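Q: My structure is below; once you've seen it, I'll send some questions.
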Amino acid sequence: MKAQPPKPKLDRDSALPLVGAVPEKARGEKDEHSDLPGILLGTSAFTADGWEGTFYPSGMRPADYLTFYATRFRTVEVDSTFYRTPPTATVRGWYAKTPAYFVFAAKAPRSVTHDKVLVNCDAEWKEFLATMELLGEKLGPILFQFGYFNKSAFQNAEEFLARLRPFLKTLPKDRRFAVEIRNKNWLDARFADALRERNVALALIDQAWMPRPWEMGAMKSKFDPITADFAYVRWLGDRKGIEKITTTWDKTVVDRRSDLANWVEVFREFVARNLRVFAYANNHYAGNGPATVNLFRALWDKKN
């Protein structure tokens with residue numbers, strides 16, 4: 001019989017107690033409105049070329065997309081907020097079109113994370129946060145997605161942390177936040193501890209050049225990648241690679257079954273650690289975000 005590969009495990013050699021209380025309905029029990037225990041699954045954005053007729057019924061008005069989406073998924077990661085703070089009427093519309101249990105994650109504006117990189121951005125940040133607060137109890141994690149920084153931007157992780165730490169201290173404690181970086185050499189216990197001090201999640205991404213959780217044990221600096229009382233996962237893929245195959249996101253074009261099977265094992269450990277899990281599939285991961293989520297669900301059901 002062919003030997004089975006070892007199950008992926010998070011590196012917990014340097015695990016520290018989680019900061020903050022685990023919210024109710026985050027303790028691994030089945031959520032009334034979720035098909036998985038303590039896990040909320042959705043896609044990055046709720047519209048895309050190719051979704052009409054494959055995910056949304058043919059002829060459906062775009063104004064009805066979000067309402068339909070919320071019948072299939074419990075959460076969405078809003079991508080458009082990265083480009084600009086939405087009008088208040090738009091945010092109120094999102095609230096009105098979704099059920100009480102729906103959760104919106106949102107990207108912080110690029111003016112904060114890319115253009116000004118946390119410096120002299122108080123006006124932009126406060127405007128964004130005040131606008132998103134209109135979602136009330138439906139507002140979930142806010143993601144600070146940083147790009148790759150070369151040495152002309154920051155010489156090293158400590159230089160970046162010297163800017164990040166003071167900003168994190170200003171964040172309201174009653175909201176969830178996550179930080180994503182694209183410099184894999186910065187991923188170490190020191191970086192994780194800086195986030196853990198503020199109960200901010202390190203975004204765990206499945207992306208072309210960044211390590212997945214089960215690969216972090218092979219890194220020179222072992223650390224526990226769980227830095228908050230929740231986990232934030234993004235299935236991103238290889239943007240340039242997949243766009244050589246397709247730019248219409250109507251079907252799966254990259255087989256991610258093996259990768260998602262590894263994620264199932266990682267999520268099982270998340271649940272064992274009483275974490276609330278937010279996970280979002282990008283079209284660039286396999287070709288169709290909704291199909292990726294549904295495949296993960298099927299693989300989860302086989303194991304649980």
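Convention: chains lettered A, B, ... in structure tokens order; per-chain residue numbering from 1; ligands numbered from 1 as shown.
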If you count only C-alpha atoms, which residues fall within 9 Å of A:Asn304, apart from same-chain ones fewer than 4 positions away, as a list in words?
A: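 Contacts, in chain order: Arg268, Leu299 and Trp300 of chain A.
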Q: For stretch 60-157 of chain A versus stretch 233-240 of chain A, which residues have an atom no more than 12 Å away, and what is each residue's nearest atom pair and distance in Å rounded to one decimal, using only C-alpha atoms, chain-then-number order, as a tab-separated table?
A:
residue	atom	partner	partner_atom	distance
A:Val76	CA	A:Arg234	CA	11.5
A:Glu77	CA	A:Arg234	CA	9.5
A:Ala105	CA	A:Val233	CA	11.5
A:Pro141	CA	A:Val233	CA	11.2
A:Leu143	CA	A:Arg234	CA	10.6
A:Gln145	CA	A:Arg234	CA	11.0
Q: Write out, as a PDB file, in the first residue's frame, the residues just selected, with N, CA and C atoms.
A:
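Resulting contents of result.pdb:
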ATOM      1  N   VAL A  76     -18.552  37.675   2.945  1.00  0.00           N
ATOM      2  CA  VAL A  76     -17.857  38.110   1.734  1.00  0.00           C
ATOM      3  C   VAL A  76     -16.720  39.038   2.136  1.00  0.00           C
ATOM      4  N   GLU A  77     -15.636  38.970   1.385  1.00  0.00           N
ATOM      5  CA  GLU A  77     -14.547  39.928   1.551  1.00  0.00           C
ATOM      6  C   GLU A  77     -14.717  40.996   0.476  1.00  0.00           C
ATOM      7  N   ALA A 105     -16.247  41.211   5.545  1.00  0.00           N
ATOM      8  CA  ALA A 105     -14.852  41.599   5.739  1.00  0.00           C
ATOM      9  C   ALA A 105     -14.547  42.645   4.677  1.00  0.00           C
ATOM     10  N   PRO A 141     -13.830  41.253  10.032  1.00  0.00           N
ATOM     11  CA  PRO A 141     -12.436  41.711  10.015  1.00  0.00           C
ATOM     12  C   PRO A 141     -12.156  42.734   8.920  1.00  0.00           C
ATOM     13  N   LEU A 143      -9.021  44.030   6.684  1.00  0.00           N
ATOM     14  CA  LEU A 143      -7.715  43.541   6.264  1.00  0.00           C
ATOM     15  C   LEU A 143      -6.813  44.674   5.798  1.00  0.00           C
ATOM     16  N   GLN A 145      -3.905  44.903   3.678  1.00  0.00           N
ATOM     17  CA  GLN A 145      -3.123  44.135   2.711  1.00  0.00           C
ATOM     18  C   GLN A 145      -1.963  44.995   2.216  1.00  0.00           C
TER      19      GLN A 145
END
Q: Under the rule that only C-alpha atoms are counted, which of A:Ala203, A:Val78, A:Ala153, A:Val117 is the nearest residue to A:Thr43?
A: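 Ranking A:Ala203, A:Val78, A:Ala153, A:Val117 by distance to A:Thr43, first place goes to A:Val78.
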Q: Could you jot down the atom CA of A:Glu158 to atom CA of A:Glu197 separation for me, Å, one decimal place?
A: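 Interatomic distance here is 15.4 Å.
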Q: Can you measure atom CA of A:Asn288 to atom CA of A:Tyr56 for me? One decimal in Å is fine.
A: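 The value is 12.5 Å.
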Q: Please list as a PDB file with N, CA and C atoms, in the first residue's frame every residue within 9 Å of A:Thr47, counting only C-alpha atoms and excluding residues in the same chain fewer than 4 positions away.
A:
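For reference, part-v8.pdb as written:
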ATOM      1  N   TRP A  51     -19.634  35.023 -13.757  1.00  0.00           N
ATOM      2  CA  TRP A  51     -20.487  34.461 -12.714  1.00  0.00           C
ATOM      3  C   TRP A  51     -21.961  34.403 -13.117  1.00  0.00           C
ATOM      4  N   GLU A  52     -22.392  35.290 -14.006  1.00  0.00           N
ATOM      5  CA  GLU A  52     -23.785  35.233 -14.440  1.00  0.00           C
ATOM      6  C   GLU A  52     -23.989  33.979 -15.280  1.00  0.00           C
ATOM      7  N   PRO A  62     -27.991  42.944 -11.500  1.00  0.00           N
ATOM      8  CA  PRO A  62     -26.841  43.107 -10.604  1.00  0.00           C
ATOM      9  C   PRO A  62     -27.229  43.638  -9.227  1.00  0.00           C
ATOM     10  N   TYR A  65     -27.681  40.791  -6.868  1.00  0.00           N
ATOM     11  CA  TYR A  65     -26.606  39.816  -6.679  1.00  0.00           C
ATOM     12  C   TYR A  65     -26.299  39.554  -5.207  1.00  0.00           C
ATOM     13  N   LEU A  66     -26.141  40.603  -4.432  1.00  0.00           N
ATOM     14  CA  LEU A  66     -25.722  40.417  -3.045  1.00  0.00           C
ATOM     15  C   LEU A  66     -26.763  39.641  -2.251  1.00  0.00           C
TER      16      LEU A  66
END
Q: Point out the residue among A:Glu269, A:Tyr101, A:Arg276, A:Ala89 with the least atom-to-atom distance to A:Arg176, counting only C-alpha atoms.
A: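 Of A:Glu269, A:Tyr101, A:Arg276, A:Ala89, the one nearest A:Arg176, counting only C-alpha atoms, is A:Arg276.
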Q: Give me, as a VMD selection string, the residues of stretch 106-204 of chain A that a backbone DSSP run labels strand (DSSP E or B).
A: chain A and resid 106 to 107 139 to 145 177 to 180 201 to 202 204
Q: What is the distance between atom CA of A:Ser58 and atom CA of A:Arg92, in Å to one decimal?
A: 26.2 Å
Q: Could you pull the residues within 7 Å of A:Gly287, counting only C-alpha atoms, minus those fewer than 2 positions along the same chain, as a list in words?
A: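 The contact residues come out as Trp249, Asp250, Lys251, Thr252, Val253, Val254, Asn283, His284, Tyr285 and Gly289 of chain A.
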Q: Show me, as a CSV table (one decimal) with N, CA and C atoms, in the first residue's frame, the residues that have an atom within 12 Å of A:Phe128 when counting only C-alpha atoms, minus same-chain residues fewer than 3 positions from it.
A:
chain,number,residue,atom,x,y,z
A,81,THR,N,-13.3,48.2,-1.5
A,81,THR,CA,-12.9,49.2,-0.6
A,81,THR,C,-11.4,49.5,-0.6
A,82,PHE,N,-10.7,48.6,-1.2
A,82,PHE,CA,-9.2,48.8,-1.4
A,82,PHE,C,-9.0,50.0,-2.3
A,83,TYR,N,-9.8,50.3,-3.2
A,83,TYR,CA,-9.6,51.3,-4.2
A,83,TYR,C,-10.2,52.7,-3.8
A,84,ARG,N,-11.3,52.6,-3.0
A,84,ARG,CA,-11.8,53.9,-2.4
A,84,ARG,C,-12.9,53.5,-1.4
A,85,THR,N,-13.0,54.4,-0.5
A,85,THR,CA,-14.1,54.3,0.5
A,85,THR,C,-15.4,54.4,-0.1
A,86,PRO,N,-16.3,53.4,0.0
A,86,PRO,CA,-17.6,53.5,-0.7
A,86,PRO,C,-18.5,54.6,-0.1
A,87,PRO,N,-19.5,55.0,-0.9
A,87,PRO,CA,-20.5,56.0,-0.4
A,87,PRO,C,-21.3,55.4,0.7
A,88,THR,N,-21.7,56.2,1.6
A,88,THR,CA,-22.5,55.7,2.7
A,88,THR,C,-23.8,55.0,2.3
A,91,VAL,N,-23.0,51.4,1.4
A,91,VAL,CA,-22.8,50.5,2.6
A,91,VAL,C,-24.2,50.2,3.3
A,106,ALA,N,-13.6,43.5,4.9
A,106,ALA,CA,-13.3,44.5,3.9
A,106,ALA,C,-11.8,44.9,4.0
A,107,LYS,N,-11.3,45.2,2.8
A,107,LYS,CA,-9.9,45.7,2.7
A,107,LYS,C,-9.8,47.1,3.1
A,108,ALA,N,-8.8,47.5,3.9
A,108,ALA,CA,-8.5,48.9,4.1
A,108,ALA,C,-8.1,49.6,2.8
A,109,PRO,N,-8.3,50.9,2.7
A,109,PRO,CA,-8.0,51.6,1.4
A,109,PRO,C,-6.5,51.5,1.1
A,110,ARG,N,-6.2,51.5,-0.2
A,110,ARG,CA,-4.8,51.5,-0.6
A,110,ARG,C,-4.1,52.8,-0.3
A,111,SER,N,-4.9,53.8,-0.1
A,111,SER,CA,-4.2,55.1,0.4
A,111,SER,C,-3.6,54.9,1.7
A,112,VAL,N,-4.1,54.0,2.5
A,112,VAL,CA,-3.5,53.7,3.9
A,112,VAL,C,-2.4,52.7,3.8
A,121,CYS,N,-2.1,59.4,7.3
A,121,CYS,CA,-3.3,58.9,6.7
A,121,CYS,C,-4.5,58.9,7.6
A,122,ASP,N,-4.4,59.7,8.7
A,122,ASP,CA,-5.5,59.7,9.6
A,122,ASP,C,-6.9,60.0,9.0
A,123,ALA,N,-6.9,61.0,8.1
A,123,ALA,CA,-8.2,61.4,7.5
A,123,ALA,C,-8.8,60.3,6.7
A,124,GLU,N,-7.9,59.6,5.9
A,124,GLU,CA,-8.4,58.6,5.0
A,124,GLU,C,-8.9,57.4,5.9
A,125,TRP,N,-8.1,57.0,6.9
A,125,TRP,CA,-8.5,55.9,7.7
A,125,TRP,C,-9.7,56.1,8.5
A,131,THR,N,-17.3,55.0,7.9
A,131,THR,CA,-18.2,54.5,6.8
A,131,THR,C,-18.5,53.0,7.0
A,132,MET,N,-17.5,52.2,7.3
A,132,MET,CA,-17.7,50.8,7.4
A,132,MET,C,-18.5,50.5,8.7
A,133,GLU,N,-18.4,51.3,9.7
A,133,GLU,CA,-19.1,51.1,11.0
A,133,GLU,C,-20.6,51.2,10.7
A,134,LEU,N,-21.1,51.7,9.6
A,134,LEU,CA,-22.5,51.7,9.3
A,134,LEU,C,-23.0,50.3,9.1
A,135,LEU,N,-22.1,49.3,9.0
A,135,LEU,CA,-22.5,47.9,8.9
A,135,LEU,C,-22.9,47.3,10.3
A,142,ILE,N,-11.3,43.7,9.2
A,142,ILE,CA,-10.8,44.6,8.2
A,142,ILE,C,-9.3,44.2,8.0
